[in-house]
$ cat entry_17.tsv   # TSV, C-alpha atoms
chain	number	residue	atom	x	y	z
W	1	MET	CA	1.62	11.19	6.15
W	2	ARG	CA	-1.30	9.19	4.78
W	3	ILE	CA	-0.52	5.51	4.21
W	4	LEU	CA	-2.61	2.77	2.60
W	5	VAL	CA	-2.31	-0.71	4.11
W	6	ALA	CA	-3.56	-3.67	2.04
W	7	GLU	CA	-3.38	-6.97	3.93
W	8	ASP	CA	-5.94	-9.79	4.06
W	9	ASP	CA	-4.77	-11.28	7.37
W	10	ALA	CA	-6.65	-9.42	10.11
W	11	THR	CA	-3.93	-9.91	12.76
W	12	SER	CA	-1.09	-8.54	10.65
W	13	ARG	CA	-3.27	-5.74	9.26
W	14	TRP	CA	-4.30	-4.63	12.72
W	15	LEU	CA	-0.71	-4.71	13.97
W	16	LEU	CA	0.49	-2.61	11.01
W	17	GLU	CA	-2.32	-0.08	11.43
W	18	ARG	CA	-1.73	0.22	15.12
W	19	VAL	CA	2.04	0.71	14.85
W	20	LEU	CA	1.83	3.19	11.96
W	21	ARG	CA	-0.85	5.25	13.73
W	22	ARG	CA	1.32	5.42	16.79
W	23	TRP	CA	4.06	6.95	14.65
W	24	GLY	CA	1.65	9.70	13.66
W	25	HIS	CA	0.52	8.45	10.25
W	26	GLU	CA	-3.02	8.50	8.99
W	27	ILE	CA	-3.98	4.97	7.92
W	28	GLN	CA	-6.48	3.72	5.43
W	29	SER	CA	-6.68	-0.09	5.29
W	30	VAL	CA	-8.21	-2.63	2.93
W	31	GLU	CA	-8.30	-6.42	2.66
W	32	SER	CA	-7.74	-7.01	-1.04
W	33	GLY	CA	-5.59	-5.93	-3.96
W	34	ALA	CA	-8.61	-4.79	-5.94
W	35	GLU	CA	-9.69	-2.41	-3.17
W	36	ALA	CA	-6.12	-1.11	-2.88
W	37	LEU	CA	-5.96	-0.36	-6.61
W	38	GLU	CA	-9.35	1.34	-6.54
W	39	ILE	CA	-8.24	3.66	-3.73
W	40	LEU	CA	-4.82	4.42	-5.21
W	41	GLU	CA	-6.41	5.37	-8.54
W	42	ARG	CA	-8.52	8.06	-6.86
W	43	PRO	CA	-7.26	11.64	-6.98
W	44	ASP	CA	-5.62	12.69	-3.75
W	45	SER	CA	-5.02	9.10	-2.60
W	46	PRO	CA	-2.15	8.23	-0.20
W	47	GLN	CA	1.32	8.55	-1.73
W	48	LEU	CA	2.68	5.56	0.17
W	49	ALA	CA	1.16	2.07	0.19
W	50	ILE	CA	2.11	-1.13	1.98
W	51	LEU	CA	0.82	-4.09	-0.02
W	52	ASP	CA	0.70	-7.72	1.04
W	53	TRP	CA	1.98	-10.20	-1.49
W	54	LEU	CA	-0.88	-12.69	-1.70
W	55	MET	CA	-4.34	-11.21	-1.44
W	56	PRO	CA	-7.73	-12.13	-2.90
W	57	GLN	CA	-8.54	-10.81	-6.39
W	58	LEU	CA	-5.35	-8.90	-7.14
W	59	THR	CA	-1.97	-9.62	-5.53
W	60	GLY	CA	0.32	-6.85	-4.30
W	61	VAL	CA	2.49	-7.43	-7.36
W	62	ASP	CA	-0.50	-7.03	-9.70
W	63	VAL	CA	-1.28	-3.72	-8.01
W	64	CYS	CA	2.33	-2.52	-8.50
W	65	ARG	CA	2.30	-3.54	-12.16
W	66	GLN	CA	-1.00	-1.79	-12.90
W	67	LEU	CA	-0.02	1.43	-11.13
W	68	ARG	CA	3.29	1.67	-12.97
W	69	ARG	CA	1.45	1.58	-16.30
W	70	SER	CA	-0.29	4.84	-15.50
W	71	PRO	CA	1.84	8.00	-15.86
W	72	SER	CA	-0.14	9.87	-13.20
W	73	LEU	CA	0.18	7.07	-10.63
W	74	CYS	CA	3.73	5.91	-11.21
W	75	SER	CA	5.04	8.27	-8.49
W	76	LYS	CA	3.33	6.26	-5.71
W	77	TYR	CA	5.78	4.71	-3.27
W	78	LEU	CA	4.97	1.01	-2.97
W	79	ILE	CA	6.27	-1.35	-0.28
W	80	LEU	CA	5.54	-5.07	-0.65
W	81	LEU	CA	5.05	-7.37	2.32
W	82	THR	CA	6.77	-10.70	1.73
W	83	SER	CA	7.54	-13.76	3.82
W	84	LYS	CA	10.99	-14.95	4.75
W	85	GLY	CA	12.73	-17.07	2.15
W	86	GLU	CA	10.88	-15.65	-0.82
W	87	LYS	CA	13.90	-14.06	-2.48
W	88	GLU	CA	12.70	-15.00	-5.93
W	89	ASP	CA	9.40	-13.28	-5.21
W	90	VAL	CA	11.24	-10.18	-4.03
W	91	VAL	CA	13.00	-9.92	-7.41
W	92	ASN	CA	9.68	-10.33	-9.24
W	93	GLY	CA	8.07	-7.74	-7.02
W	94	LEU	CA	10.78	-5.15	-7.58
W	95	GLU	CA	10.69	-5.82	-11.31
W	96	ALA	CA	6.91	-5.33	-11.29
W	97	GLY	CA	7.47	-1.83	-9.90
W	98	ALA	CA	7.62	-2.08	-6.11
W	99	ASP	CA	10.00	0.44	-4.53
W	100	ASP	CA	10.89	-1.64	-1.50
W	101	TYR	CA	9.81	-4.68	0.51
W	102	ILE	CA	9.44	-5.70	4.14
W	103	THR	CA	9.67	-9.27	5.36
W	104	LYS	CA	6.86	-10.56	7.58
W	105	PRO	CA	6.73	-10.81	10.53
W	106	PHE	CA	8.24	-7.36	10.51
W	107	ASN	CA	10.54	-5.81	13.04
W	108	GLN	CA	9.35	-2.35	14.15
W	109	ASP	CA	12.75	-0.68	13.76
W	110	GLU	CA	13.11	-1.98	10.22
W	111	LEU	CA	9.57	-0.92	9.29
W	112	ARG	CA	10.20	2.57	10.69
W	113	ALA	CA	13.45	2.91	8.74
W	114	ARG	CA	11.87	1.75	5.48
W	115	ILE	CA	8.89	4.11	5.86
W	116	LYS	CA	11.34	6.94	6.55
W	117	ALA	CA	13.28	6.13	3.38
W	118	GLY	CA	10.00	6.13	1.44
W	119	LEU	CA	8.95	9.48	2.86
W	120	ARG	CA	12.31	10.96	1.88
W	121	ILE	CA	11.84	9.83	-1.72
W	122	ILE	CA	8.26	11.15	-1.81
W	123	GLU	CA	9.44	14.51	-0.44
W	124	LEU	CA	12.25	14.70	-3.02
W	125	GLN	CA	9.85	13.82	-5.82
W	126	SER	CA	7.37	16.47	-4.81
W	127	GLN	CA	10.14	19.09	-4.61
W	128	LEU	CA	11.31	18.06	-8.08
W	129	ALA	CA	7.77	18.19	-9.47
W	130	GLU	CA	7.33	21.68	-8.02
W	131	ARG	CA	10.60	22.85	-9.55
W	132	VAL	CA	9.67	21.40	-12.95
W	133	ALA	CA	6.30	23.19	-12.78
W	134	GLN	CA	8.06	26.47	-12.00
W	135	LEU	CA	10.44	25.97	-14.92
W	136	GLU	CA	7.62	25.05	-17.28
W	137	ALA	CA	5.70	28.16	-16.27
W	138	SER	CA	8.72	30.37	-16.92
W	139	ILE	CA	9.37	28.65	-20.26
W	140	ALA	CA	5.72	29.28	-21.19
W	141	ARG	CA	6.22	32.99	-20.43
W	142	GLU	CA	9.44	33.20	-22.47
W	143	LYS	CA	7.80	31.46	-25.42
W	144	HIS	CA	5.78	34.56	-26.25
W	145	LEU	CA	8.92	36.25	-27.48
W	146	GLN	CA	9.91	33.51	-29.85
W	147	GLY	CA	9.03	33.37	-33.53
W	148	LEU	CA	8.15	36.09	-36.04
W	149	LEU	CA	7.06	39.53	-34.78
W	150	PRO	CA	5.38	41.93	-37.28
W	151	ILE	CA	7.00	45.33	-36.76
W	152	CYS	CA	6.17	48.65	-38.48
W	153	SER	CA	9.16	49.69	-40.59
W	154	TYR	CA	8.56	53.36	-39.81
W	155	CYS	CA	7.35	53.80	-36.24
W	156	LYS	CA	8.66	50.38	-34.99
W	157	LYS	CA	5.40	49.43	-33.32
W	158	ILE	CA	4.72	45.68	-32.98
W	159	ARG	CA	1.45	44.01	-33.96
W	160	ASP	CA	-0.02	41.49	-31.49
W	161	ASP	CA	-2.18	38.39	-32.13
W	162	ARG	CA	-5.34	40.46	-31.97
W	163	ASN	CA	-4.18	42.91	-34.59
W	164	TYR	CA	-3.39	45.79	-32.20
W	165	TRP	CA	-0.21	47.78	-32.57
W	166	HIS	CA	1.92	48.36	-29.48
W	167	GLN	CA	5.01	50.36	-28.66
W	168	VAL	CA	8.04	48.02	-28.49
W	169	GLU	CA	8.43	48.77	-24.81
W	170	SER	CA	4.86	47.94	-23.75
W	171	TYR	CA	4.80	44.87	-25.98
W	172	ILE	CA	7.93	43.38	-24.46
W	173	VAL	CA	6.90	44.18	-20.89
W	174	SER	CA	3.63	42.29	-21.34
W	175	HIS	CA	5.17	39.33	-23.16
W	176	ALA	CA	8.37	38.66	-21.20
W	177	ASP	CA	9.57	38.67	-17.67
W	178	VAL	CA	11.55	41.94	-18.08
W	179	ARG	CA	11.35	45.53	-16.91
W	180	PHE	CA	12.92	48.61	-18.54
W	181	SER	CA	15.16	51.08	-16.83
W	182	HIS	CA	15.00	54.33	-18.79
W	183	SER	CA	18.08	56.16	-19.95
W	184	VAL	CA	19.32	58.14	-23.02
W	185	CYS	CA	21.98	56.92	-25.46
W	186	PRO	CA	24.86	59.26	-26.53
W	187	GLU	CA	23.47	59.68	-30.08
W	188	CYS	CA	20.10	60.81	-28.73
W	189	VAL	CA	21.78	63.11	-26.23
W	190	GLU	CA	23.49	64.76	-29.20
W	191	ARG	CA	20.31	64.96	-31.24
W	192	VAL	CA	18.24	66.38	-28.37
W	193	ARG	CA	20.93	68.98	-27.61
W	194	GLU	CA	20.95	70.12	-31.25
W	195	GLU	CA	17.15	70.39	-31.28
W	196	ILE	CA	17.20	72.50	-28.14
W	197	LEU	CA	19.91	74.78	-29.48
W	198	LYS	CA	18.01	75.15	-32.74
W	199	ASP	CA	14.81	76.14	-30.89
W	200	LYS	CA	16.67	78.88	-29.08
T	201	MET	CA	8.48	-4.92	32.96
T	202	ALA	CA	5.59	-5.89	35.21
T	203	HIS	CA	4.51	-8.98	33.38
T	204	GLU	CA	7.11	-10.50	31.13
T	205	PRO	CA	5.56	-13.04	28.76
T	206	LYS	CA	6.83	-16.54	29.22
T	207	THR	CA	7.37	-19.04	26.50
T	208	PRO	CA	5.73	-22.28	27.58
T	209	SER	CA	8.32	-24.62	28.94
T	210	GLY	CA	8.26	-28.39	28.81
T	211	GLY	CA	7.93	-30.29	25.57
T	212	ALA	CA	10.73	-30.27	23.06
T	213	GLU	CA	8.91	-28.15	20.50
T	214	ARG	CA	7.88	-24.74	21.54
T	215	ILE	CA	4.48	-23.65	20.35
T	216	TYR	CA	5.39	-19.99	20.25
T	217	ASP	CA	8.15	-17.62	21.31
T	218	LEU	CA	6.55	-14.52	22.73
T	219	ASN	CA	9.86	-13.10	23.86
T	220	VAL	CA	11.03	-12.79	20.26
T	221	ALA	CA	7.57	-11.58	19.22
T	222	LEU	CA	7.73	-8.91	21.89
T	223	GLU	CA	11.21	-7.84	20.85
T	224	ARG	CA	9.86	-7.16	17.35
T	225	MET	CA	7.14	-5.00	18.91
T	226	ASP	CA	9.62	-2.83	20.78
T	227	GLY	CA	8.81	-4.55	24.09
T	228	ASP	CA	5.22	-3.31	24.07
T	229	VAL	CA	3.30	-5.91	26.16
T	230	PRO	CA	-0.18	-4.34	25.77
T	231	LEU	CA	0.36	-4.25	22.00
T	232	LEU	CA	1.31	-7.95	21.97
T	233	GLU	CA	-1.76	-8.78	24.02
T	234	GLU	CA	-4.00	-6.89	21.64
T	235	VAL	CA	-2.46	-8.71	18.68
T	236	ILE	CA	-3.16	-12.03	20.44
T	237	ASP	CA	-6.79	-11.02	20.98
T	238	ILE	CA	-7.21	-10.04	17.33
T	239	PHE	CA	-5.75	-13.38	16.28
T	240	LEU	CA	-8.02	-15.33	18.65
T	241	ASP	CA	-11.01	-13.42	17.25
T	242	ASP	CA	-10.07	-13.99	13.64
T	243	TYR	CA	-8.25	-17.31	13.17
T	244	ALA	CA	-11.49	-19.31	12.80
T	245	ASN	CA	-12.26	-17.31	9.64
T	246	SER	CA	-8.89	-18.21	8.15
T	247	ILE	CA	-9.39	-21.89	9.04
T	248	ALA	CA	-12.84	-21.78	7.40
T	249	GLU	CA	-11.27	-20.36	4.23
T	250	LEU	CA	-8.62	-23.08	4.28
T	251	ARG	CA	-11.29	-25.81	4.63
T	252	GLN	CA	-13.40	-24.27	1.90
T	253	ALA	CA	-10.43	-24.08	-0.47
T	254	ALA	CA	-9.47	-27.73	0.25
T	255	ALA	CA	-13.08	-28.93	-0.17
T	256	SER	CA	-13.46	-27.17	-3.51
T	257	ARG	CA	-9.93	-28.18	-4.60
T	258	ASP	CA	-9.18	-24.55	-5.45
T	259	GLN	CA	-5.41	-24.40	-5.81
T	260	ALA	CA	-5.05	-20.59	-5.75
T	261	ALA	CA	-7.43	-20.21	-2.80
T	262	LEU	CA	-5.60	-22.94	-0.87
T	263	GLN	CA	-2.23	-21.29	-1.47
T	264	ARG	CA	-3.63	-17.94	-0.38
T	265	ALA	CA	-5.40	-19.28	2.72
T	266	ALA	CA	-2.21	-21.05	3.84
T	267	HIS	CA	-0.19	-17.89	3.14
T	268	THR	CA	-2.60	-15.78	5.21
T	269	LEU	CA	-2.38	-18.22	8.13
T	270	LYS	CA	1.40	-18.25	7.84
T	271	GLY	CA	1.43	-14.46	8.19
T	272	ALA	CA	-0.90	-14.52	11.18
T	273	VAL	CA	0.92	-17.23	13.19
T	274	GLY	CA	4.28	-15.71	12.26
T	275	ASN	CA	3.47	-12.78	14.54
T	276	PHE	CA	3.88	-15.12	17.52
T	277	VAL	CA	7.00	-16.87	16.20
T	278	ALA	CA	5.02	-20.11	16.12
T	279	HIS	CA	7.51	-22.30	14.31
T	280	ARG	CA	5.45	-25.48	13.96
T	281	ALA	CA	2.32	-23.70	12.74
T	282	THR	CA	4.40	-21.56	10.38
T	283	GLU	CA	6.09	-24.63	8.97
T	284	ALA	CA	2.76	-26.44	8.48
T	285	ALA	CA	1.32	-23.40	6.68
T	286	LEU	CA	4.43	-23.07	4.54
T	287	SER	CA	4.17	-26.75	3.46
T	288	VAL	CA	0.56	-26.36	2.33
T	289	GLU	CA	1.34	-23.05	0.59
T	290	THR	CA	4.42	-24.37	-1.20
T	291	LEU	CA	2.77	-27.62	-2.33
T	292	ALA	CA	-0.33	-25.78	-3.56
T	293	LYS	CA	1.86	-23.33	-5.44
T	294	ALA	CA	3.78	-26.21	-7.03
T	295	GLY	CA	0.54	-27.77	-8.20
T	296	GLN	CA	0.75	-30.74	-5.77
T	297	LEU	CA	-2.88	-30.24	-4.83
T	298	ASP	CA	-3.58	-33.69	-3.33
T	299	LEU	CA	-0.51	-33.55	-1.14
T	300	ALA	CA	-1.29	-29.97	-0.09
T	301	ILE	CA	-4.87	-30.93	0.82
T	302	SER	CA	-3.64	-33.95	2.79
T	303	LEU	CA	-1.55	-31.61	4.95
T	304	THR	CA	-4.33	-29.17	5.79
T	305	PRO	CA	-5.54	-31.16	8.88
T	306	ARG	CA	-2.03	-30.89	10.32
T	307	LEU	CA	-2.07	-27.15	9.71
T	308	GLU	CA	-5.46	-26.90	11.40
T	309	ASP	CA	-4.13	-28.85	14.41
T	310	GLU	CA	-1.09	-26.63	14.76
T	311	VAL	CA	-3.15	-23.46	14.55
T	312	ALA	CA	-5.64	-24.84	17.10
T	313	ARG	CA	-2.79	-25.75	19.43
T	314	LEU	CA	-1.31	-22.27	19.10
T	315	ALA	CA	-4.71	-20.65	19.71
T	316	ALA	CA	-5.21	-22.77	22.84
T	317	ALA	CA	-1.78	-21.81	24.17
T	318	LEU	CA	-2.39	-18.12	23.44
T	319	LYS	CA	-5.79	-18.30	25.18
T	320	GLN	CA	-4.10	-19.83	28.19
T	321	TYR	CA	-1.49	-17.08	28.18
T	322	ARG	CA	-4.16	-14.35	28.07
T	323	HIS	CA	-6.10	-16.11	30.81
T	324	ARG	CA	-2.97	-16.22	32.99
T	325	GLU	CA	-2.22	-12.56	32.35
T	326	ALA	CA	-5.77	-11.50	33.12
T	327	ALA	CA	-5.83	-13.47	36.37

$ encode --input "entry_17.tsv" --output "structure tokens"
Amino acid sequence: MRILVAEDDATSRWLLERVLRRWGHEIQSVESGAEALEILERPDSPQLAILDWLMPQLTGVDVCRQLRRSPSLCSKYLILLTSKGEKEDVVNGLEAGADDYITKPFNQDELRARIKAGLRIIELQSQLAERVAQLEASIAREKHLQGLLPICSYCKKIRDDRNYWHQVESYIVSHADVRFSHSVCPECVERVREEILKDK
Amino acid sequence: MAHEPKTPSGGAERIYDLNVALERMDGDVPLLEEVIDIFLDDYANSIAELRQAAASRDQAALQRAAHTLKGAVGNFVAHRATEAALSVETLAKAGQLDLAISLTPRLEDEVARLAAALKQYRHREAA
């Protein structure tokens, strides 16, 4: 998993990078909120970011707030780094759009558990997004068969958008997710039998 | 473990508690030592930022510099340095700029004392 780390203190940033890399993550790290925002706004940026609270230019909370305003970026999973005893800040951070927080200096077990929870949410979200895309695609296919269809009163052909006339069967096959299984109805069986007898 | 870090004994106030720091790092001594080296390489920059912020009476910069130092020294469970950083940060945040600036020398002292103790520890380990 790719993770962005934004932390202005070199010691804490290095420790975070080192520990996360050891757990198999790919780390990109920056020293300010502005740099973090710039990276997260790029297409294909990391889905999970760990943001320090107080950083030059933009704070971690500013970054959360700005990302949540953008519909395409609001699915990022954002973890804020706070210090002990900053409960009020934690509330502000969560209200600004952070998903979770970690208290500094962090305990490795806690960090691992919180990252794992984040990855689970990201995985769920991507599965949901995929499912929604599938559903939207199938709705788009079905839509062709809605509305008014011009049909010939005599031969029952259907006219398409480009003014061509199609047999009902070929029209439906190309505009809906259906296939036909061919059979003969009792009335037609009767009619065909009479025609055959007449020919004899 | 081959070389268990020792918290300096003697003196009522402990400068750091590397046993707790190490516990947080899953008992990884080389990792702790690397973190110490990074800190020793970098803390002068943070002190310079603190001085600059105090000299220019920049409230936001002072709060941030103290916060950054607090995060850095917190890695070594350095209570006195953490407390000194927290005082400067809190006072700057509350707009008590003069008071916050008056406490920056104490913060500098505590950080310098921690750095000296960590240097000593690394020197001992290397020997």

$ residues_around --input "entry_17.tsv" --residues "region 252-261 of chain T" --least-positions-apart "6" --cutoff "12 Å" --atoms "all atoms listed in the file" --output "ChimeraX atom specification"
/W:54-59 /T:245-246,267-268,288-305,308

$ closest_atom_pairs --input "entry_17.tsv" --of "chain T" --to "chain W" --cutoff "6 Å" --atoms "only C-alpha atoms" --output "CSV"
residue,atom,partner,partner_atom,distance
T:Arg224,CA,W:Asn107,CA,4.6
T:Met225,CA,W:Gln108,CA,5.9
T:Ile238,CA,W:Thr11,CA,5.6
T:Phe239,CA,W:Thr11,CA,5.3
T:Thr268,CA,W:Asp9,CA,5.4
T:Ala272,CA,W:Thr11,CA,5.7
T:Gly274,CA,W:Pro105,CA,5.7
T:Asn275,CA,W:Pro105,CA,5.5

$ atom_distance --input "entry_17.tsv" --atom1 "CA of Arg191 (chain W)" --atom2 "CA of Cys155 (chain W)"
17.8 Å

$ residues_around --input "entry_17.tsv" --residues "Ile79 (chain W)" --least-positions-apart "4" --cutoff "12 Å" --atoms "only C-alpha atoms" --output "PyMOL selection string"
chain W and resi 3-7+47-53+60-61+63-64+90+93-94+96-103+111+114-119

$ closest_residue --input "entry_17.tsv" --among "W:His175, W:Lys87, W:Lys76, W:Arg193" --to "Glu123 (chain W)" --atoms "all atoms listed in the file"
W:Lys76

$ residues_near_point --input "entry_17.tsv" --point "(-1.3, 3.8, -13.4)" --cutoff "12 Å" --atoms "all atoms listed in the file" --output "PDB file with C-alpha atoms, keeping the file's coordinate frame"
ATOM      1  CA  LEU W  37      -5.960  -0.360  -6.610  1.00  0.00           C
ATOM      2  CA  GLU W  38      -9.350   1.340  -6.540  1.00  0.00           C
ATOM      3  CA  ILE W  39      -8.240   3.660  -3.730  1.00  0.00           C
ATOM      4  CA  LEU W  40      -4.820   4.420  -5.210  1.00  0.00           C
ATOM      5  CA  GLU W  41      -6.410   5.370  -8.540  1.00  0.00           C
ATOM      6  CA  ARG W  42      -8.520   8.060  -6.860  1.00  0.00           C
ATOM      7  CA  PRO W  43      -7.260  11.640  -6.980  1.00  0.00           C
ATOM      8  CA  ASP W  62      -0.500  -7.030  -9.700  1.00  0.00           C
ATOM      9  CA  VAL W  63      -1.280  -3.720  -8.010  1.00  0.00           C
ATOM     10  CA  CYS W  64       2.330  -2.520  -8.500  1.00  0.00           C
ATOM     11  CA  ARG W  65       2.300  -3.540 -12.160  1.00  0.00           C
ATOM     12  CA  GLN W  66      -1.000  -1.790 -12.900  1.00  0.00           C
ATOM     13  CA  LEU W  67      -0.020   1.430 -11.130  1.00  0.00           C
ATOM     14  CA  ARG W  68       3.290   1.670 -12.970  1.00  0.00           C
ATOM     15  CA  ARG W  69       1.450   1.580 -16.300  1.00  0.00           C
ATOM     16  CA  SER W  70      -0.290   4.840 -15.500  1.00  0.00           C
ATOM     17  CA  PRO W  71       1.840   8.000 -15.860  1.00  0.00           C
ATOM     18  CA  SER W  72      -0.140   9.870 -13.200  1.00  0.00           C
ATOM     19  CA  LEU W  73       0.180   7.070 -10.630  1.00  0.00           C
ATOM     20  CA  CYS W  74       3.730   5.910 -11.210  1.00  0.00           C
ATOM     21  CA  SER W  75       5.040   8.270  -8.490  1.00  0.00           C
ATOM     22  CA  LYS W  76       3.330   6.260  -5.710  1.00  0.00           C
ATOM     23  CA  GLY W  97       7.470  -1.830  -9.900  1.00  0.00           C
TER      24      GLY W  97
END

$ atom_distance --input "entry_17.tsv" --atom1 "CA of Leu240 (chain T)" --atom2 "CA of Ala315 (chain T)"
6.4 Å

$ atom_distance --input "entry_17.tsv" --atom1 "CA of Glu310 (chain T)" --atom2 "CA of Arg214 (chain T)"
11.4 Å

$ residues_around --input "entry_17.tsv" --residues "Ile151 (chain W)" --least-positions-apart "5" --cutoff "10 Å" --atoms "only C-alpha atoms" --output "VMD selection string"
chain W and resid 156 to 160 165 to 168

$ write_last_selection --input "entry_17.tsv" --atoms "C-alpha atoms" --output "CSV table (one decimal), in the coordinates of the input"
chain,number,residue,atom,x,y,z
W,156,LYS,CA,8.7,50.4,-35.0
W,157,LYS,CA,5.4,49.4,-33.3
W,158,ILE,CA,4.7,45.7,-33.0
W,159,ARG,CA,1.4,44.0,-34.0
W,160,ASP,CA,0.0,41.5,-31.5
W,165,TRP,CA,-0.2,47.8,-32.6
W,166,HIS,CA,1.9,48.4,-29.5
W,167,GLN,CA,5.0,50.4,-28.7
W,168,VAL,CA,8.0,48.0,-28.5

$ closest_residue --input "entry_17.tsv" --among "T:Leu262, T:Ala244, T:Glu249, T:Leu314" --to "His279 (chain T)" --atoms "all atoms listed in the file"
T:Leu314

$ residues_near_point --input "entry_17.tsv" --point "(-1.2, -5.1, 25.1)" --cutoff "12 Å" --atoms "only C-alpha atoms" --output "PDB file with C-alpha atoms, keeping the file's coordinate frame"
ATOM      1  CA  LEU W  15      -0.710  -4.710  13.970  1.00  0.00           C
ATOM      2  CA  ARG W  18      -1.730   0.220  15.120  1.00  0.00           C
TER       3      ARG W  18
ATOM      4  CA  HIS T 203       4.510  -8.980  33.380  1.00  0.00           C
ATOM      5  CA  GLU T 204       7.110 -10.500  31.130  1.00  0.00           C
ATOM      6  CA  PRO T 205       5.560 -13.040  28.760  1.00  0.00           C
ATOM      7  CA  LEU T 222       7.730  -8.910  21.890  1.00  0.00           C
ATOM      8  CA  MET T 225       7.140  -5.000  18.910  1.00  0.00           C
ATOM      9  CA  ASP T 226       9.620  -2.830  20.780  1.00  0.00           C
ATOM     10  CA  GLY T 227       8.810  -4.550  24.090  1.00  0.00           C
ATOM     11  CA  ASP T 228       5.220  -3.310  24.070  1.00  0.00           C
ATOM     12  CA  VAL T 229       3.300  -5.910  26.160  1.00  0.00           C
ATOM     13  CA  PRO T 230      -0.180  -4.340  25.770  1.00  0.00           C
ATOM     14  CA  LEU T 231       0.360  -4.250  22.000  1.00  0.00           C
ATOM     15  CA  LEU T 232       1.310  -7.950  21.970  1.00  0.00           C
ATOM     16  CA  GLU T 233      -1.760  -8.780  24.020  1.00  0.00           C
ATOM     17  CA  GLU T 234      -4.000  -6.890  21.640  1.00  0.00           C
ATOM     18  CA  VAL T 235      -2.460  -8.710  18.680  1.00  0.00           C
ATOM     19  CA  ILE T 236      -3.160 -12.030  20.440  1.00  0.00           C
ATOM     20  CA  ASP T 237      -6.790 -11.020  20.980  1.00  0.00           C
ATOM     21  CA  ILE T 238      -7.210 -10.040  17.330  1.00  0.00           C
ATOM     22  CA  ARG T 322      -4.160 -14.350  28.070  1.00  0.00           C
ATOM     23  CA  GLU T 325      -2.220 -12.560  32.350  1.00  0.00           C
ATOM     24  CA  ALA T 326      -5.770 -11.500  33.120  1.00  0.00           C
TER      25      ALA T 326
END
